[in-house]
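Dumped structure_39.cif below, it's mmCIF, C-alpha atoms:
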```cif
data_query
loop_
_atom_site.label_atom_id
_atom_site.label_comp_id
_atom_site.auth_asym_id
_atom_site.auth_seq_id
_atom_site.Cartn_x
_atom_site.Cartn_y
_atom_site.Cartn_z
CA MET O 1 40.84 157.25 99.93
CA ILE O 2 42.47 154.51 102.05
CA TRP O 3 45.76 156.48 102.14
CA TRP O 4 43.98 159.68 103.22
CA THR O 5 42.06 157.84 105.99
CA ALA O 6 45.29 156.30 107.34
CA THR O 7 47.15 159.62 107.22
CA ALA O 8 44.34 161.50 108.97
CA GLY O 9 44.05 158.73 111.57
CA THR O 10 47.79 158.83 112.29
CA LEU O 11 47.78 162.62 112.62
CA LEU O 12 44.80 162.64 114.99
CA GLN O 13 46.29 159.97 117.24
CA LEU O 14 49.71 161.67 117.34
CA LEU O 15 48.02 164.92 118.32
CA ARG O 16 46.11 163.00 121.00
CA VAL O 17 49.39 161.59 122.34
CA GLN O 18 51.02 165.02 122.28
CA ASN O 19 48.08 166.52 124.16
CA ASP O 20 48.31 163.80 126.83
CA LEU O 21 52.06 164.41 127.21
CA ASN O 22 51.46 168.15 127.57
CA SER O 23 48.82 167.40 130.23
CA LEU O 24 51.37 165.31 132.11
CA GLY O 25 53.89 168.15 131.91
CA LEU O 26 51.40 170.67 133.31
CA ALA O 27 50.35 168.25 136.05
CA MET O 28 53.96 167.71 137.14
CA ARG O 29 54.58 171.45 137.15
CA ASP O 30 51.57 171.91 139.46
CA MET O 31 52.74 169.04 141.68
CA LEU O 32 56.03 170.88 142.26
CA ASP O 33 54.24 174.13 143.09
CA SER O 34 54.63 174.66 146.84
CA ARG O 35 51.35 176.58 146.90
CA GLU O 36 49.36 173.46 145.98
CA PRO O 37 47.41 172.30 149.09
CA TYR O 38 47.04 168.68 147.92
CA PRO O 39 49.49 165.81 148.59
CA LEU O 40 51.23 164.20 145.63
CA THR O 41 49.11 161.06 145.96
CA ALA O 42 46.02 163.13 145.05
CA TRP O 43 47.30 163.24 141.45
CA SER O 44 47.33 159.47 141.08
CA ALA O 45 43.84 159.23 139.53
CA GLN O 46 44.64 161.91 136.92
CA PHE O 47 47.86 160.14 135.94
CA GLN O 48 45.98 156.86 135.59
CA ARG O 49 43.37 158.44 133.29
CA ILE O 50 46.09 159.95 131.10
CA ARG O 51 47.95 156.65 131.05
CA GLU O 52 44.89 154.76 129.79
CA ASP O 53 44.21 157.39 127.13
CA LEU O 54 47.86 157.31 126.01
CA ASP O 55 47.81 153.53 125.67
CA ALA O 56 44.59 153.65 123.62
CA ALA O 57 45.93 156.43 121.37
CA LEU O 58 49.22 154.60 120.71
CA LYS O 59 47.41 151.36 119.80
CA LEU O 60 45.27 153.22 117.27
CA GLU O 61 48.27 155.15 115.95
CA GLU O 62 50.13 151.89 115.36
CA GLN O 63 47.24 150.66 113.18
CA PHE O 64 47.25 153.84 111.08
CA SER O 65 50.99 154.56 111.10
CA PRO O 66 52.78 154.50 107.73
CA ALA O 67 54.83 151.54 106.62
CA ALA O 68 57.89 153.81 106.53
CA ARG O 69 57.89 153.94 110.36
CA THR O 70 60.92 151.93 111.50
CA ALA O 71 60.96 149.26 114.18
CA ASP O 72 63.51 151.35 116.11
CA GLN O 73 61.09 154.27 116.26
CA ARG O 74 58.31 152.06 117.58
CA ARG O 75 60.63 150.39 120.08
CA PHE O 76 62.04 153.72 121.32
CA LEU O 77 58.59 155.17 121.94
CA SER O 78 57.36 152.01 123.66
CA GLN O 79 60.43 151.66 125.87
CA SER O 80 60.49 155.37 126.75
CA LEU O 81 56.85 155.25 127.83
CA ALA O 82 57.43 152.09 129.88
CA GLN O 83 60.39 153.73 131.66
CA PHE O 84 58.36 156.88 132.26
CA TRP O 85 55.46 154.98 133.87
CA ASP O 86 57.87 152.89 135.98
CA ALA O 87 59.33 156.14 137.31
CA VAL O 88 55.79 157.46 137.94
CA ASP O 89 54.94 154.34 139.95
CA ARG O 90 58.10 154.76 142.03
CA MET O 91 57.26 158.40 142.62
CA PHE O 92 53.78 157.61 143.92
CA GLU O 93 55.21 154.83 146.08
CA LEU O 94 57.58 157.31 147.68
CA ALA O 95 54.77 159.83 148.16
CA GLY O 96 52.51 157.14 149.64
CA SER O 97 55.14 156.17 152.20
CA GLY O 98 55.49 159.79 153.33
CA LYS O 99 58.68 160.57 151.41
CA GLU O 100 57.35 163.72 149.75
CA LYS O 101 60.78 165.26 149.18
CA GLU O 102 62.18 162.18 147.46
CA ALA O 103 59.00 161.98 145.35
CA ARG O 104 59.37 165.62 144.25
CA ASP O 105 63.04 165.00 143.40
CA GLN O 106 61.87 162.08 141.25
CA ILE O 107 59.55 164.45 139.39
CA GLN O 108 62.18 167.16 138.93
CA PHE O 109 65.17 165.10 137.94
CA THR O 110 63.57 162.11 136.17
CA LEU O 111 59.94 162.46 135.17
CA GLN O 112 60.08 165.92 133.64
CA ALA O 113 63.15 165.07 131.56
CA ARG O 114 61.54 161.88 130.24
CA GLN O 115 58.29 163.67 129.48
CA ALA O 116 60.19 166.29 127.49
CA ALA O 117 62.02 163.56 125.56
CA LEU O 118 58.74 161.83 124.74
CA SER O 119 57.19 165.11 123.54
CA THR O 120 60.19 165.68 121.29
CA ALA O 121 59.91 162.17 119.84
CA VAL O 122 56.20 162.63 119.10
CA SER O 123 56.87 166.02 117.49
CA ARG O 124 59.40 164.35 115.19
CA LEU O 125 56.79 161.75 114.26
CA LEU O 126 54.36 164.56 113.43
CA VAL O 127 56.95 166.16 111.17
CA GLN O 128 57.68 162.80 109.56
CA ASN O 129 53.97 162.22 109.01
CA ASN O 130 53.62 165.59 107.33
CA GLU O 131 56.63 164.93 105.08
CA GLY O 132 55.19 161.56 104.09
CA GLU O 133 51.89 163.22 103.30
CA GLU O 134 53.59 165.77 101.06
CA GLN O 135 55.54 163.05 99.23
CA ALA O 136 52.39 161.03 98.70
CA ALA O 137 50.59 164.13 97.46
CA ASP O 138 53.41 164.72 94.93
CA GLN O 139 53.11 161.13 93.72
CA ILE O 140 49.36 161.49 93.32
CA ALA O 141 49.87 164.72 91.38
CA LYS O 142 52.30 162.95 89.05
CA ILE O 143 49.81 160.14 88.52
CA TYR O 144 47.10 162.64 87.69
CA ASP O 145 49.44 164.44 85.31
CA GLY O 146 50.20 161.18 83.54
CA VAL O 147 46.51 160.33 83.32
CA GLN O 148 45.81 163.78 81.97
CA ARG O 149 48.45 163.47 79.26
CA GLN O 150 47.10 160.06 78.21
CA LEU O 151 43.61 161.45 78.16
CA TYR O 152 44.67 164.32 75.91
CA LEU O 153 46.31 161.85 73.49
CA LEU O 154 43.15 159.78 73.40
CA LEU O 155 41.00 162.83 72.86
CA GLY O 156 43.30 164.02 70.07
CA ALA O 157 43.00 160.68 68.26
CA THR O 158 39.19 160.77 68.41
CA LEU O 159 38.71 164.53 68.21
CA VAL O 160 36.82 164.47 64.91
CA ALA O 161 34.19 162.02 66.17
CA ILE O 162 33.70 163.22 69.71
CA VAL O 163 34.88 166.84 69.80
CA LEU O 164 32.08 168.08 72.04
CA THR O 165 32.50 165.27 74.54
CA SER O 166 36.26 165.83 74.62
CA LEU O 167 35.88 169.53 75.43
CA TYR O 168 33.51 168.69 78.23
CA LEU O 169 35.91 166.14 79.73
CA ILE O 170 38.87 168.52 79.55
CA PHE O 171 36.92 171.26 81.30
CA SER O 172 35.74 168.85 84.01
CA ASN O 173 39.22 167.43 84.59
CA ARG O 174 40.77 170.86 84.96
CA LYS O 175 38.22 171.76 87.60
CA ILE O 176 38.94 168.53 89.48
CA PHE O 177 42.71 169.04 89.36
CA ALA O 178 42.40 172.64 90.48
CA ARG O 179 40.25 171.53 93.39
CA LEU O 180 42.75 168.83 94.33
CA GLU O 181 45.64 171.31 94.25
CA LEU O 182 43.67 173.73 96.43
CA LEU O 183 42.86 171.01 98.96
CA SER O 184 46.49 169.87 98.99
CA ALA O 185 47.72 173.42 99.59
CA GLN O 186 45.23 173.92 102.41
CA ARG O 187 46.22 170.65 104.02
CA SER O 188 49.92 171.53 103.80
CA GLU O 189 49.29 174.96 105.32
CA LEU O 190 47.32 173.41 108.18
CA ALA O 191 50.11 170.93 108.88
CA GLN O 192 52.73 173.72 108.95
CA LYS O 193 50.61 175.73 111.40
CA LEU O 194 50.22 172.67 113.57
CA ILE O 195 53.97 172.01 113.64
CA HIS O 196 54.64 175.69 114.46
CA THR O 197 52.16 175.50 117.35
CA GLN O 198 53.77 172.33 118.69
CA GLU O 199 57.27 173.87 118.47
CA SER O 200 56.08 177.02 120.27
CA THR O 201 54.58 174.90 123.04
CA LEU O 202 57.78 172.87 123.43
CA ARG O 203 59.91 176.02 123.54
CA HIS O 204 57.63 177.46 126.24
CA ILE O 205 57.83 174.32 128.34
CA SER O 206 61.61 174.17 127.83
CA ARG O 207 62.02 177.74 129.07
CA GLU O 208 59.92 177.02 132.14
CA LEU O 209 61.91 173.87 132.95
CA HIS O 210 65.21 175.72 132.46
CA ASP O 211 64.16 178.57 134.79
CA GLU O 212 62.91 176.19 137.47
CA PHE O 213 66.08 174.06 137.44
CA GLY O 214 68.25 177.16 137.62
CA GLN O 215 66.34 178.53 140.62
CA VAL O 216 66.43 175.20 142.42
CA LEU O 217 70.19 174.72 141.90
CA THR O 218 70.91 178.31 142.99
CA ALA O 219 68.85 177.83 146.15
CA ILE O 220 70.63 174.55 146.89
CA GLY O 221 74.02 176.24 146.51
CA VAL O 222 73.03 179.08 148.89
CA LEU O 223 71.66 176.69 151.52
CA LEU O 224 74.78 174.49 151.33
CA GLY O 225 76.97 177.56 151.73
CA ARG O 226 75.07 178.60 154.85
CA ALA O 227 75.25 175.10 156.26
CA GLY O 228 79.00 174.91 155.60
CA LYS O 229 79.63 178.07 157.61
CA GLN O 230 77.93 176.52 160.64
CA VAL O 231 80.09 173.37 160.57
CA PRO O 232 83.78 173.33 161.64
CA GLU O 233 86.20 173.19 158.72
CA ALA O 234 87.94 170.13 160.14
CA SER O 235 84.66 168.23 160.25
CA PRO O 236 84.02 165.52 157.60
CA LEU O 237 80.54 167.00 157.23
CA HIS O 238 82.07 170.32 156.17
CA THR O 239 84.02 168.54 153.39
CA ASP O 240 80.88 166.69 152.23
CA LEU O 241 78.84 169.91 152.13
CA LYS O 242 81.60 171.60 150.11
CA GLU O 243 81.65 168.74 147.56
CA VAL O 244 77.86 168.77 147.18
CA ARG O 245 77.88 172.55 146.70
CA GLU O 246 80.58 172.25 144.00
CA ILE O 247 78.48 169.60 142.23
CA ALA O 248 75.40 171.85 142.33
CA GLN O 249 77.42 174.81 141.01
CA SER O 250 78.90 172.70 138.20
CA THR O 251 75.45 171.46 137.23
CA LEU O 252 74.14 175.04 137.19
CA LYS O 253 76.94 176.16 134.83
#
```

Give the structure from this file in structure tokens form.
Amino acid sequence: MIWWTATAGTLLQLLRVQNDLNSLGLAMRDMLDSREPYPLTAWSAQFQRIREDLDAALKLEEQFSPAARTADQRRFLSQSLAQFWDAVDRMFELAGSGKEKEARDQIQFTLQARQAALSTAVSRLLVQNNEGEEQAADQIAKIYDGVQRQLYLLLGATLVAIVLTSLYLIFSNRKIFARLELLSAQRSELAQKLIHTQESTLRHISRELHDEFGQVLTAIGVLLGRAGKQVPEASPLHTDLKEVREIAQSTLK
């Protein structure tokens, strides 16, 4: 019972963390949408609410998390989140001082990448949690099998005296074991569906990020090409524009 409570608690908190990270990803996508009428600073309150919920979820998850979780995993998640929020604070500072372009670049080239890395790390923890649950379920099944065999030996030794009681116990135990197997299969199926849903969401976000970066880099290359044509070839600015365009093209490839 204690094991099941801890496993369920870990799963719920990891899903809560994943949901918060997805909310951050959607918020950043909307912040980069040029059709949004609000300044970047208007998103500060939403980010703060998500930050508080993430901190609370991670504290609870640490209480429920399995002993098999390594110190490196905990440290990586903690450090990654700290770096992400530091970058968020810098972004809002830039936006607050009127540097909207620099703030949007911070979102595109830093925040979105770190949010994707955090989502991947949490997805791996979900997979690890499911694998641990399956291993524990196998161990429990083995324990029940051993108990069942011992019970059959005991019933065989006392069959003459308590035959009716023995038959009743066997029937009851089989019903219990069948119910346990059914519950275990249902739980495993639910976990697999959950992992599939998380992977589909990550693939969708990845495609969107890939398309947006490609469009941005292509637009940068076109604009730099136009600018280069308007500057004399002997000018140092022409050389700088050419180098920046080559960097953008290399990054696109």

Looking at all atoms listed in the file, which of O:Val222, O:Ala103, O:Ala178, O:Val122 is the one that sits closest to Glu199 in chain O?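 With all atoms listed in the file as the atom set, the closest residue is O:Val122.
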
Quick one: apply the PyMOL selection byres ((chain O and resi 171-175) around 12) to the file and drop the selected residues here as a list of chain:residue names. O:Tyr144, O:Asp145, O:Val147, O:Gln148, O:Arg149, O:Leu151, O:Tyr152, O:Leu164, O:Thr165, O:Ser166, O:Leu167, O:Tyr168, O:Leu169, O:Ile170, O:Ile176, O:Phe177, O:Ala178, O:Arg179, O:Leu180, O:Glu181, O:Leu182

Please produce a file of the residues just selected, as a tab-separated table (two decimals), in the coordinates of the input, where the atoms kept are C-alpha atoms.
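For reference, again_12.tsv as written:
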```tsv
chain	number	residue	atom	x	y	z
O	144	TYR	CA	47.10	162.64	87.69
O	145	ASP	CA	49.44	164.44	85.31
O	147	VAL	CA	46.51	160.33	83.32
O	148	GLN	CA	45.81	163.78	81.97
O	149	ARG	CA	48.45	163.47	79.26
O	151	LEU	CA	43.61	161.45	78.16
O	152	TYR	CA	44.67	164.32	75.91
O	164	LEU	CA	32.08	168.08	72.04
O	165	THR	CA	32.50	165.27	74.54
O	166	SER	CA	36.26	165.83	74.62
O	167	LEU	CA	35.88	169.53	75.43
O	168	TYR	CA	33.51	168.69	78.23
O	169	LEU	CA	35.91	166.14	79.73
O	170	ILE	CA	38.87	168.52	79.55
O	176	ILE	CA	38.94	168.53	89.48
O	177	PHE	CA	42.71	169.04	89.36
O	178	ALA	CA	42.40	172.64	90.48
O	179	ARG	CA	40.25	171.53	93.39
O	180	LEU	CA	42.75	168.83	94.33
O	181	GLU	CA	45.64	171.31	94.25
O	182	LEU	CA	43.67	173.73	96.43
```

Kindly indicate which residue among O:Val88, O:Met28, O:Leu111, O:Leu11 lies nearest to Gln48 in chain O, using only C-alpha atoms for the distances.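 Smallest distance to Gln48 in chain O is found for O:Val88.
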
Which centre and which edge lengths, in Å to one decimal, describe the axis-aligned box that holds all listed atoms of range 193-198 of chain O after 8 Å is added on each side, as JSON?
```
{"center_x": 52.4, "center_y": 173.9, "center_z": 115.0, "size_x": 20.4, "size_y": 19.7, "size_z": 23.3}
```

What does the distance from CA of Thr218 in chain O to CA of Gly98 in chain O come to in Å, to one decimal? 26.2 Å

Within 8 Å of (53.3, 154.4, 124.4) (file coordinates; only C-alpha atoms), which protein or nucleic acid residues are there? I'd like them as a PyMOL selection string. chain O and resi 54-55+58+77-82

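Considering the residues O:Ser206, O:Lys193, O:Leu154, O:Lys101 and counting all atoms listed in the file, Ser34 in chain O has its shortest atom-to-atom contact with O:Lys101.
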
Care to translate the PyMOL selection byres ((chain O and resi 112) around 12) into actual residues of this file, as a PyMOL selection string? chain O and resi 21-32+84-85+87-88+104-111+113-119+205-206+208-210+212-213

Kindly give the distance, in Å, that separates CA of Leu14 in chain O and CA of Ser123 in chain O, rounded to a single decimal.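 Interatomic distance here is 8.4 Å.
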
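Shortest separation to Thr239 in chain O among O:Asp33, O:Leu252, O:Leu224, O:Arg49 occurs at residue O:Leu224, atoms counted being all atoms listed in the file.
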
Coordinates-based distance that separates CA of Arg124 in chain O from CA of Asp72 in chain O (Å, one decimal):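 Between these atoms lies a distance of 13.7 Å.
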
Here is a test: counting all atoms listed in the file, which residue of O:Ile143, O:Leu60, O:Ala234, O:Ala71 is nearest to Leu12 in chain O? O:Leu60
